[in-house]
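Heads up, my_file24.cif below (mmCIF, C-alpha atoms):
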data_start
loop_
_atom_site.label_atom_id
_atom_site.label_comp_id
_atom_site.auth_asym_id
_atom_site.auth_seq_id
_atom_site.Cartn_x
_atom_site.Cartn_y
_atom_site.Cartn_z
CA MET Q 1 -54.19 3.78 -84.42
CA PRO Q 2 -51.21 1.57 -83.70
CA GLU Q 3 -51.25 -0.35 -80.45
CA GLU Q 4 -48.75 0.72 -77.81
CA ALA Q 5 -46.11 -1.87 -77.01
CA ASN Q 6 -46.51 -3.36 -73.59
CA PRO Q 7 -43.48 -2.95 -71.31
CA PRO Q 8 -41.50 -6.14 -70.76
CA LEU Q 9 -42.70 -8.15 -67.82
CA GLN Q 10 -40.51 -7.91 -64.71
CA PRO Q 11 -39.85 -11.23 -63.04
CA GLU Q 12 -41.28 -11.48 -59.55
CA ASN Q 13 -38.94 -11.62 -56.58
CA GLU Q 14 -35.93 -10.74 -58.65
CA PRO Q 15 -32.83 -11.22 -56.48
CA GLU Q 16 -30.94 -8.10 -55.53
CA PRO Q 17 -27.53 -7.77 -57.09
CA LEU Q 18 -24.76 -9.24 -54.94
CA GLN Q 19 -22.77 -6.75 -52.92
CA PRO Q 20 -19.05 -7.26 -52.48
CA PRO Q 21 -18.25 -8.57 -48.98
CA GLN Q 22 -17.28 -5.91 -46.48
CA GLN Q 23 -13.66 -6.12 -45.51
CA GLN Q 24 -12.76 -6.12 -41.85
CA PRO Q 25 -10.65 -3.17 -40.81
CA PRO Q 26 -7.03 -4.25 -40.60
CA ARG Q 27 -5.82 -5.08 -37.09
CA ALA Q 28 -3.36 -2.62 -35.68
CA GLN Q 29 0.19 -3.66 -36.42
CA LEU Q 30 2.00 -4.76 -33.28
CA ASP Q 31 5.58 -3.73 -32.73
CA GLU Q 32 7.49 -6.98 -32.67
CA ALA Q 33 10.33 -5.23 -30.86
CA ARG Q 34 8.00 -4.96 -27.87
CA ASN Q 35 7.01 -8.63 -27.92
CA PRO Q 36 7.18 -9.64 -24.22
CA TYR Q 37 8.04 -13.20 -25.26
CA ARG Q 38 11.33 -11.86 -26.57
CA ALA Q 39 12.11 -9.77 -23.47
CA GLU Q 40 15.08 -10.85 -21.39
CA CYS Q 41 15.27 -10.33 -17.68
CA PRO Q 42 17.71 -7.53 -16.84
CA ASN Q 43 20.84 -8.44 -14.91
CA TYR Q 44 19.91 -6.92 -11.56
CA ASN Q 45 23.39 -7.75 -10.27
CA GLY Q 46 24.80 -5.21 -12.71
CA LEU Q 47 26.35 -1.93 -11.69
CA GLU Q 48 23.52 0.06 -13.28
CA TRP Q 49 21.11 -1.47 -10.70
CA ASP Q 50 23.40 -0.82 -7.74
CA ASP Q 51 21.40 2.16 -6.47
CA TRP Q 52 18.11 0.25 -6.70
CA ARG Q 53 19.49 -2.71 -4.74
CA GLN Q 54 20.87 -0.43 -2.06
CA HIS Q 55 17.61 1.55 -1.92
CA LEU Q 56 15.58 -1.61 -1.35
CA VAL Q 57 17.85 -2.63 1.53
CA GLU Q 58 18.00 0.81 3.14
CA SER Q 59 14.22 1.22 2.84
CA GLY Q 60 13.64 -2.05 4.70
CA VAL Q 61 11.93 -3.89 1.85
CA VAL Q 62 14.52 -6.68 1.90
CA PRO Q 63 17.26 -7.58 4.41
CA ASN Q 64 20.21 -7.71 2.01
CA THR Q 65 21.30 -7.26 -1.60
CA GLU Q 66 20.78 -10.94 -2.38
CA GLU Q 67 17.09 -10.63 -1.57
CA ALA Q 68 16.96 -7.33 -3.49
CA VAL Q 69 17.99 -9.10 -6.71
CA ALA Q 70 15.48 -11.92 -6.14
CA HIS Q 71 12.78 -9.35 -5.37
CA LEU Q 72 13.42 -7.41 -8.58
CA VAL Q 73 13.49 -10.57 -10.71
CA ALA Q 74 10.23 -11.83 -9.23
CA ARG Q 75 8.48 -8.52 -9.88
CA TRP Q 76 9.83 -8.43 -13.44
CA GLN Q 77 8.45 -11.90 -14.08
CA GLU Q 78 5.00 -10.93 -12.77
CA LYS Q 79 4.95 -7.90 -15.06
CA ILE Q 80 6.09 -9.89 -18.11
CA GLU Q 81 3.50 -12.63 -17.57
CA ALA Q 82 0.72 -10.03 -17.59
CA GLU Q 83 2.13 -8.46 -20.74
CA LYS Q 84 2.33 -11.85 -22.48
CA GLU Q 85 -1.36 -12.46 -21.87
CA ALA Q 86 -2.26 -9.02 -23.21
CA TRP Q 87 0.01 -9.56 -26.23
CA VAL Q 88 -1.76 -12.77 -27.24
CA GLN Q 89 -5.20 -11.21 -26.77
CA ARG Q 90 -4.21 -8.46 -29.20
CA GLY Q 91 -3.22 -11.05 -31.81
CA GLY Q 92 0.48 -11.03 -31.20
CA ALA Q 93 2.53 -14.03 -32.27
CA ILE Q 94 4.33 -16.31 -29.86
CA PRO Q 95 7.85 -16.85 -31.20
CA PRO Q 96 9.65 -20.20 -30.89
CA GLN Q 97 11.07 -20.48 -27.44
CA GLY Q 98 14.82 -20.25 -27.21
CA ARG Q 99 16.43 -20.62 -23.85
CA ARG Q 100 13.87 -21.48 -21.20
CA GLU Q 101 12.81 -18.56 -19.05
CA GLU Q 102 13.80 -20.42 -15.91
CA ASP Q 103 17.33 -20.66 -17.27
CA GLN Q 104 17.30 -16.94 -17.98
CA VAL Q 105 16.27 -16.24 -14.40
CA ARG Q 106 18.95 -18.53 -13.02
CA HIS Q 107 21.54 -16.94 -15.30
CA ASN Q 108 20.53 -13.51 -14.04
CA LEU Q 109 20.54 -14.45 -10.37
CA VAL Q 110 23.88 -16.23 -10.19
CA ALA Q 111 25.74 -13.65 -12.29
CA GLN Q 112 28.65 -12.13 -10.39
CA PRO Q 113 28.08 -8.52 -9.25
CA SER Q 114 30.37 -5.83 -10.56
CA ARG Q 115 33.58 -5.35 -8.63
CA ASN Q 116 32.61 -1.75 -8.01
CA SER Q 117 29.15 -2.70 -6.79
CA ARG Q 118 28.17 -2.09 -3.18
CA ALA Q 119 26.54 -5.51 -3.07
CA SER Q 120 27.61 -7.28 0.09
CA SER Q 121 27.53 -10.81 -1.29
CA PRO Q 122 29.09 -12.06 -4.55
CA THR Q 123 26.59 -14.83 -5.21
CA ILE Q 124 22.90 -15.46 -4.73
CA SER Q 125 21.77 -18.10 -2.28
CA GLU Q 126 19.50 -20.95 -3.28
CA ARG Q 127 16.90 -19.50 -0.92
CA ALA Q 128 16.81 -16.25 -2.85
CA LEU Q 129 16.75 -18.13 -6.14
CA GLY Q 130 13.76 -20.17 -5.03
CA ARG Q 131 11.81 -17.03 -4.15
CA ALA Q 132 12.24 -15.76 -7.69
CA GLN Q 133 10.77 -18.82 -9.44
CA THR Q 134 7.38 -18.37 -11.10
CA ASN Q 135 6.06 -21.72 -9.96
CA ALA Q 136 4.86 -21.59 -6.38
CA ARG Q 137 6.48 -23.89 -3.86
CA PRO Q 138 4.39 -26.67 -2.40
CA HIS Q 139 2.94 -25.63 0.93
CA ALA Q 140 4.87 -26.72 3.97
CA LYS Q 141 3.24 -29.34 6.13
CA PRO Q 142 1.26 -27.51 8.83
CA SER Q 143 2.10 -28.05 12.46
CA PRO Q 144 -0.24 -30.28 14.45
CA ILE Q 145 -2.95 -28.51 16.44
CA PRO Q 146 -2.22 -28.45 20.19
CA PHE Q 147 -5.82 -29.01 21.30
CA GLY Q 148 -6.57 -27.45 24.66
CA LYS Q 149 -3.86 -24.78 24.38
CA ALA Q 150 -5.43 -21.31 24.32
CA GLY Q 151 -4.11 -18.36 22.35
CA PRO Q 152 -2.58 -15.21 23.85
CA GLN Q 153 -4.60 -13.29 26.41
CA SER Q 154 -4.42 -10.14 24.29
CA ILE Q 155 -3.32 -9.22 20.79
CA SER Q 156 -1.91 -5.75 20.19
CA GLU Q 157 -1.94 -3.93 16.89
CA PRO Q 158 1.46 -4.13 15.16
CA PRO Q 159 3.41 -1.00 14.30
CA ALA Q 160 4.05 0.09 10.72
CA GLN Q 161 5.90 -2.35 8.47
CA TYR Q 162 8.81 0.10 8.26
CA ALA Q 163 9.32 -0.19 12.01
CA LEU Q 164 9.08 -3.99 11.93
CA ASN Q 165 11.69 -4.16 9.17
CA LYS Q 166 14.06 -2.03 11.25
CA LEU Q 167 13.54 -4.18 14.32
CA GLU Q 168 14.11 -7.36 12.34
CA LYS Q 169 17.49 -6.02 11.25
CA LEU Q 170 18.40 -4.93 14.82
CA GLU Q 171 18.48 -1.31 13.69
CA TYR Q 172 17.46 1.90 15.42
CA ILE Q 173 13.81 2.89 15.14
CA GLU Q 174 11.95 5.79 16.75
CA LEU Q 175 9.78 4.90 19.75
CA SER Q 176 6.88 6.94 18.38
CA TYR Q 177 6.05 4.05 16.03
CA PHE Q 178 5.03 1.99 19.07
CA THR Q 179 2.57 4.35 20.72
CA ALA Q 180 -1.10 3.35 20.62
CA ALA Q 181 -1.96 6.23 18.29
CA ALA Q 182 0.78 5.35 15.80
CA ARG Q 183 -0.17 1.66 15.74
CA GLU Q 184 -3.80 2.57 15.12
CA ASN Q 185 -2.73 4.80 12.24
CA ALA Q 186 -0.65 1.96 10.81
CA ARG Q 187 -3.64 -0.38 10.95
CA ARG Q 188 -5.85 2.14 9.17
CA ASP Q 189 -3.23 2.86 6.53
CA GLN Q 190 -2.72 -0.84 5.89
CA LEU Q 191 -6.34 -1.15 4.77
CA SER Q 192 -5.73 1.15 1.83
CA VAL Q 193 -2.03 0.82 1.11
CA ASN Q 194 0.15 -2.29 0.98
CA GLU Q 195 3.33 -0.93 2.53
CA ASP Q 196 5.38 -3.85 1.26
CA ALA Q 197 4.32 -3.38 -2.37
CA LEU Q 198 6.88 -2.68 -5.04
CA ALA Q 199 5.61 -1.30 -8.33
CA LEU Q 200 7.69 -1.85 -11.45
CA GLU Q 201 6.73 -0.07 -14.68
CA ARG Q 202 8.16 -1.48 -17.90
CA ASN Q 203 9.48 0.76 -20.64
CA SER Q 204 10.65 -1.43 -23.53
CA ASN Q 205 12.99 -3.91 -21.82
CA SER Q 206 13.78 -1.80 -18.76
CA LEU Q 207 11.97 -1.44 -15.45
CA ALA Q 208 11.52 1.51 -13.11
CA LEU Q 209 11.05 1.25 -9.35
CA THR Q 210 8.10 3.40 -8.28
CA SER Q 211 7.17 2.53 -4.71
CA VAL Q 212 8.84 1.07 -1.61
CA VAL Q 213 8.26 0.95 2.12
CA GLN Q 214 8.57 4.47 3.47
CA PRO Q 215 8.90 5.95 6.98
CA SER Q 216 5.70 7.31 8.43
CA LYS Q 217 5.17 11.01 7.86
CA ASP Q 218 3.68 11.18 11.37
CA ALA Q 219 6.73 9.73 13.12
CA ARG Q 220 8.39 11.97 15.71
CA ARG Q 221 11.95 12.08 16.96
CA ASP Q 222 12.56 10.46 20.31
CA ASP Q 223 13.48 13.78 21.90
CA GLN Q 224 10.07 15.17 20.91
CA LEU Q 225 8.16 12.66 23.05
CA THR Q 226 6.93 13.14 26.59
CA TRP Q 227 8.20 10.77 29.25
CA ASP Q 228 4.75 9.19 29.49
CA GLU Q 229 4.88 8.46 25.77
CA VAL Q 230 8.32 6.88 26.19
CA LEU Q 231 7.01 4.56 28.88
CA GLU Q 232 3.94 3.70 26.80
CA ALA Q 233 6.00 2.94 23.69
CA ARG Q 234 8.75 0.97 25.43
CA ILE Q 235 6.33 -1.87 26.31
CA GLU Q 236 5.33 -2.53 22.70
CA PHE Q 237 8.86 -1.85 21.52
CA LEU Q 238 10.24 -4.61 23.73
CA ASN Q 239 7.35 -6.97 22.91
CA TRP Q 240 7.90 -6.69 19.17
CA ALA Q 241 11.67 -6.84 19.51
CA GLU Q 242 11.26 -10.15 21.32
CA LYS Q 243 8.80 -11.47 18.70
CA LEU Q 244 11.26 -10.62 15.94
CA GLY Q 245 14.09 -12.52 17.55
CA TRP Q 246 16.24 -9.95 19.31
CA PRO Q 247 19.02 -11.56 21.40
CA ALA Q 248 18.08 -12.13 25.01
CA ASP Q 249 20.92 -9.93 26.29
CA TRP Q 250 19.79 -7.05 24.04
CA LEU Q 251 16.26 -7.33 25.38
CA ALA Q 252 17.45 -7.45 29.00
CA MET Q 253 19.75 -4.46 28.47
CA HIS Q 254 16.99 -2.31 26.93
CA ALA Q 255 14.49 -3.27 29.62
CA ASP Q 256 17.03 -2.36 32.32
CA PHE Q 257 17.84 0.88 30.46
CA PHE Q 258 14.23 2.11 30.57
CA TYR Q 259 13.76 0.92 34.17
CA LYS Q 260 16.83 2.80 35.42
CA LEU Q 261 15.77 5.98 33.67
CA ASP Q 262 12.24 5.77 35.06
CA SER Q 263 13.53 5.21 38.59
CA HIS Q 264 16.30 7.83 38.39
CA GLU Q 265 16.28 10.51 41.06
CA ARG Q 266 16.04 13.24 38.41
CA ARG Q 267 12.59 11.85 37.58
CA SER Q 268 11.14 13.62 40.64
CA ARG Q 269 12.77 16.97 39.89
CA LYS Q 270 11.08 19.78 38.05
CA GLY Q 271 12.01 19.41 34.39
CA GLY Q 272 13.69 16.08 35.10
CA SER Q 273 11.53 14.16 32.65
CA GLU Q 274 12.79 16.28 29.77
CA ILE Q 275 16.36 15.41 30.74
CA LEU Q 276 15.57 11.69 30.69
CA VAL Q 277 13.73 11.96 27.36
CA ARG Q 278 16.74 13.60 25.71
CA TYR Q 279 19.16 11.14 27.26
CA GLN Q 280 17.28 8.06 26.01
CA ALA Q 281 16.92 9.63 22.56
CA LYS Q 282 20.62 10.39 22.25
CA TYR Q 283 22.05 7.22 23.78
CA ARG Q 284 19.68 4.69 22.21
CA ARG Q 285 20.53 6.05 18.76
CA GLU Q 286 24.24 6.09 19.63
CA PHE Q 287 24.08 2.44 20.70
CA HIS Q 288 22.91 1.34 17.25
CA SER Q 289 25.41 3.65 15.57
CA GLN Q 290 28.25 2.04 17.52
CA VAL Q 291 26.98 -1.45 16.69
CA LYS Q 292 27.23 -0.67 12.97
CA GLN Q 293 30.87 0.30 13.49
CA GLY Q 294 31.67 -2.95 15.25
CA ARG Q 295 31.71 -1.40 18.71
CA ILE Q 296 29.18 -1.91 21.48
CA PHE Q 297 28.52 -0.68 25.00
CA ASP Q 298 26.10 -1.41 27.82
CA LEU Q 299 23.19 0.95 27.29
CA SER Q 300 21.79 0.18 30.73
CA THR Q 301 24.86 1.69 32.42
CA LEU Q 302 23.81 5.32 32.68
CA VAL Q 303 26.37 8.08 32.17
CA GLU Q 304 25.78 10.64 34.92
CA GLU Q 305 28.10 13.19 33.30
CA ALA Q 306 25.95 13.11 30.17
CA LEU Q 307 22.80 13.61 32.24
CA SER Q 308 24.35 16.65 33.86
CA THR Q 309 25.41 18.04 30.48
CA ILE Q 310 21.89 17.63 29.11
CA GLU Q 311 20.48 19.35 32.19
CA ASN Q 312 22.82 22.31 31.69
CA ASP Q 313 21.90 22.49 28.01
CA ILE Q 314 18.19 22.67 28.85
CA MET Q 315 18.79 25.40 31.45
CA ARG Q 316 20.81 27.43 28.94
CA GLU Q 317 18.13 27.05 26.25
CA ARG Q 318 15.44 28.25 28.66
CA MET Q 319 17.53 31.23 29.70
CA GLU Q 320 18.14 32.22 26.09
CA ALA Q 321 14.43 31.90 25.35
CA SER Q 322 13.62 34.17 28.29
CA LEU Q 323 16.08 36.80 27.08
CA GLN Q 324 14.49 36.71 23.64
CA LEU Q 325 11.10 37.51 25.21
CA VAL Q 326 12.54 40.47 27.13
CA ARG Q 327 14.07 42.04 24.01
#
Mind turning the file's structure into structure tokens?
Amino acid sequence: MPEEANPPLQPENEPEPLQPPQQQPPRAQLDEARNPYRAECPNYNGLEWDDWRQHLVESGVVPNTEEAVAHLVARWQEKIEAEKEAWVQRGGAIPPQGRREEDQVRHNLVAQPSRNSRASSPTISERALGRAQTNARPHAKPSPIPFGKAGPQSISEPPAQYALNKLEKLEYIELSYFTAAARENARRDQLSVNEDALALERNSNSLALTSVVQPSKDARRDDQLTWDEVLEARIEFLNWAEKLGWPADWLAMHADFFYKLDSHERRSRKGGSEILVRYQAKYRREFHSQVKQGRIFDLSTLVEEALSTIENDIMRERMEASLQLVR
């Protein structure tokens, strides 16, 4: 019987066949058109940004259109710097630098506004230009400590930033912002919301303004206050007006205005407080309206004819309300 052939011996520890190396998944292609290193700062002096500049000024974020341009440029730079960092982390290429970014900023800031623009100033001051630079200024030398000099006896909560901006510009602001309740609300709101924040969202090479300082939704008109609330608010109103640099004659006039109303003989009459509340509401607003038109009057000189007219208006309103109840 023939012998069966033995199977060929298998070598021990035979190496496994080599596997082809696994290829890494290709990195997502970045759109070079959106490379933040190639983005150019918009010309915020241009006519197309006229409404934004005016909105910033009217909302109290900045005092004038010069500062509005600097504000927009600074925010754009902050946004672009963050996008540059994200671009590099995603593997984006850094192109050769052309004109230095600082030159782009300077070119944007000193560009002449459009002739049809509502901008109040044709050029940008060096102060506004400095605020827009990315490099922080060196800190100013601090004042020496006056050892032995105590601080103020009391520190009151400030009103909302919107009210402070209005005061700083010598503009009309409702007294309700200066009541204790309103200042407490402003302090609480400030913990969760930065009222002076401006959010800019970038879409390609353009920016959109999304948030500015807004009036308080809880603010009330001056003619909706009680006389006690007027007296409470006028103290903080005058204190903050003085802190923010109101002229001495303006401060004296307003202090005299409130004093004369509080000591007026109508104050002791039935319904007299409502007359005084309406008068101060109407004439304090009118004072600031006249100032904007280049005219001014002495607010502390009370107009008796106007007080009588307001009194008659209140009596007529009450009579009409009574007739409505009878019907």
Residues matched by the PyMOL selection byres ((chain Q and resi 231) around 12), written as a PyMOL selection string: chain Q and resi 175-176+178-180+222+225-230+232-238+255+257-263+273+276-277+280
Counting only C-alpha atoms, the option among Q:Ser154, Q:Asn35, Q:Asp51, Q:Ala70 closest to Q:Val88: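 Closest residue, counting only C-alpha atoms: Q:Asn35.
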Residue neighbourhood stretch 247-251 of chain Q, 12 Å, all atoms listed in the file, exclusion window fewer than 6 positions, as a PDB file with C-alpha atoms, in the coordinates of the input:
ATOM      1  CA  LEU Q 167      13.540  -4.180  14.320  1.00  0.00           C
ATOM      2  CA  GLU Q 168      14.110  -7.360  12.340  1.00  0.00           C
ATOM      3  CA  LYS Q 169      17.490  -6.020  11.250  1.00  0.00           C
ATOM      4  CA  LEU Q 170      18.400  -4.930  14.820  1.00  0.00           C
ATOM      5  CA  GLU Q 171      18.480  -1.310  13.690  1.00  0.00           C
ATOM      6  CA  ARG Q 234       8.750   0.970  25.430  1.00  0.00           C
ATOM      7  CA  ILE Q 235       6.330  -1.870  26.310  1.00  0.00           C
ATOM      8  CA  PHE Q 237       8.860  -1.850  21.520  1.00  0.00           C
ATOM      9  CA  LEU Q 238      10.240  -4.610  23.730  1.00  0.00           C
ATOM     10  CA  ASN Q 239       7.350  -6.970  22.910  1.00  0.00           C
ATOM     11  CA  TRP Q 240       7.900  -6.690  19.170  1.00  0.00           C
ATOM     12  CA  ALA Q 241      11.670  -6.840  19.510  1.00  0.00           C
ATOM     13  CA  PHE Q 257      17.840   0.880  30.460  1.00  0.00           C
ATOM     14  CA  PHE Q 258      14.230   2.110  30.570  1.00  0.00           C
ATOM     15  CA  ARG Q 284      19.680   4.690  22.210  1.00  0.00           C
ATOM     16  CA  PHE Q 287      24.080   2.440  20.700  1.00  0.00           C
ATOM     17  CA  HIS Q 288      22.910   1.340  17.250  1.00  0.00           C
ATOM     18  CA  VAL Q 291      26.980  -1.450  16.690  1.00  0.00           C
ATOM     19  CA  ILE Q 296      29.180  -1.910  21.480  1.00  0.00           C
ATOM     20  CA  PHE Q 297      28.520  -0.680  25.000  1.00  0.00           C
ATOM     21  CA  ASP Q 298      26.100  -1.410  27.820  1.00  0.00           C
ATOM     22  CA  LEU Q 299      23.190   0.950  27.290  1.00  0.00           C
ATOM     23  CA  SER Q 300      21.790   0.180  30.730  1.00  0.00           C
TER      24      SER Q 300
END
Applied to the shown file, which residues does the PyMOL selection byres ((chain Q and resi 158) around 9) return, written as a PDB file with C-alpha atoms, in the frame of the given file?
ATOM      1  CA  ILE Q 155      -3.320  -9.220  20.790  1.00  0.00           C
ATOM      2  CA  SER Q 156      -1.910  -5.750  20.190  1.00  0.00           C
ATOM      3  CA  GLU Q 157      -1.940  -3.930  16.890  1.00  0.00           C
ATOM      4  CA  PRO Q 159       3.410  -1.000  14.300  1.00  0.00           C
ATOM      5  CA  ALA Q 160       4.050   0.090  10.720  1.00  0.00           C
ATOM      6  CA  GLN Q 161       5.900  -2.350   8.470  1.00  0.00           C
ATOM      7  CA  LEU Q 164       9.080  -3.990  11.930  1.00  0.00           C
ATOM      8  CA  PHE Q 178       5.030   1.990  19.070  1.00  0.00           C
ATOM      9  CA  ARG Q 183      -0.170   1.660  15.740  1.00  0.00           C
ATOM     10  CA  GLU Q 184      -3.800   2.570  15.120  1.00  0.00           C
ATOM     11  CA  ALA Q 186      -0.650   1.960  10.810  1.00  0.00           C
ATOM     12  CA  ARG Q 187      -3.640  -0.380  10.950  1.00  0.00           C
ATOM     13  CA  GLU Q 236       5.330  -2.530  22.700  1.00  0.00           C
ATOM     14  CA  TRP Q 240       7.900  -6.690  19.170  1.00  0.00           C
TER      15      TRP Q 240
END
Proximity to Q:Val69 - best of Q:Asp50, Q:Asp223, Q:Asp218, Q:Glu85, only C-alpha atoms: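 The closest residue to Q:Val69 is Q:Asp50.
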Residues returned when the PyMOL selection byres ((chain Q and resi 93) around 12) runs on this file, as a PyMOL selection string: chain Q and resi 29-38+84-92+94-97
Pick from Q:Trp49, Q:Arg278, Q:Glu78, Q:Met253, whichever lies nearest to Q:Thr309 using only C-alpha atoms: Q:Arg278
Atomic separation - atom CA of Q:Ala68 relative to atom CA of Q:Trp52, Å: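 Atom CA of Q:Trp52 sits 8.3 Å away from atom CA of Q:Ala68.
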Distance of atom CA of Q:Pro42 from atom CA of Q:Thr65, expressed in Å to one decimal place: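 So the answer is 15.7 Å.
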Nearest to Q:Asp256, chosen from Q:Ser143, Q:Gln324, Q:Gln153, Q:Thr301, with all atoms listed in the file counted in the distances: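 Nearest to Q:Asp256: Q:Thr301.
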Atom CA of Q:Tyr283 to atom CA of Q:Gly60, straight-line distance in Å: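 Atom-to-atom, atom CA of Q:Gly60 to atom CA of Q:Tyr283, that is 22.8 Å.
Among the candidate residues Q:Gly272, Q:Ser289, Q:Glu242, Q:Arg295, the one lying nearest to Q:Ser308 is Q:Gly272, with distances computed using all atoms listed in the file.
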Residues near Q:Ile314, cut-off 9 Å, all atoms listed in the file, skip fewer than 6 positions along chain, as number ranges by chain: Q: 271, 274-275
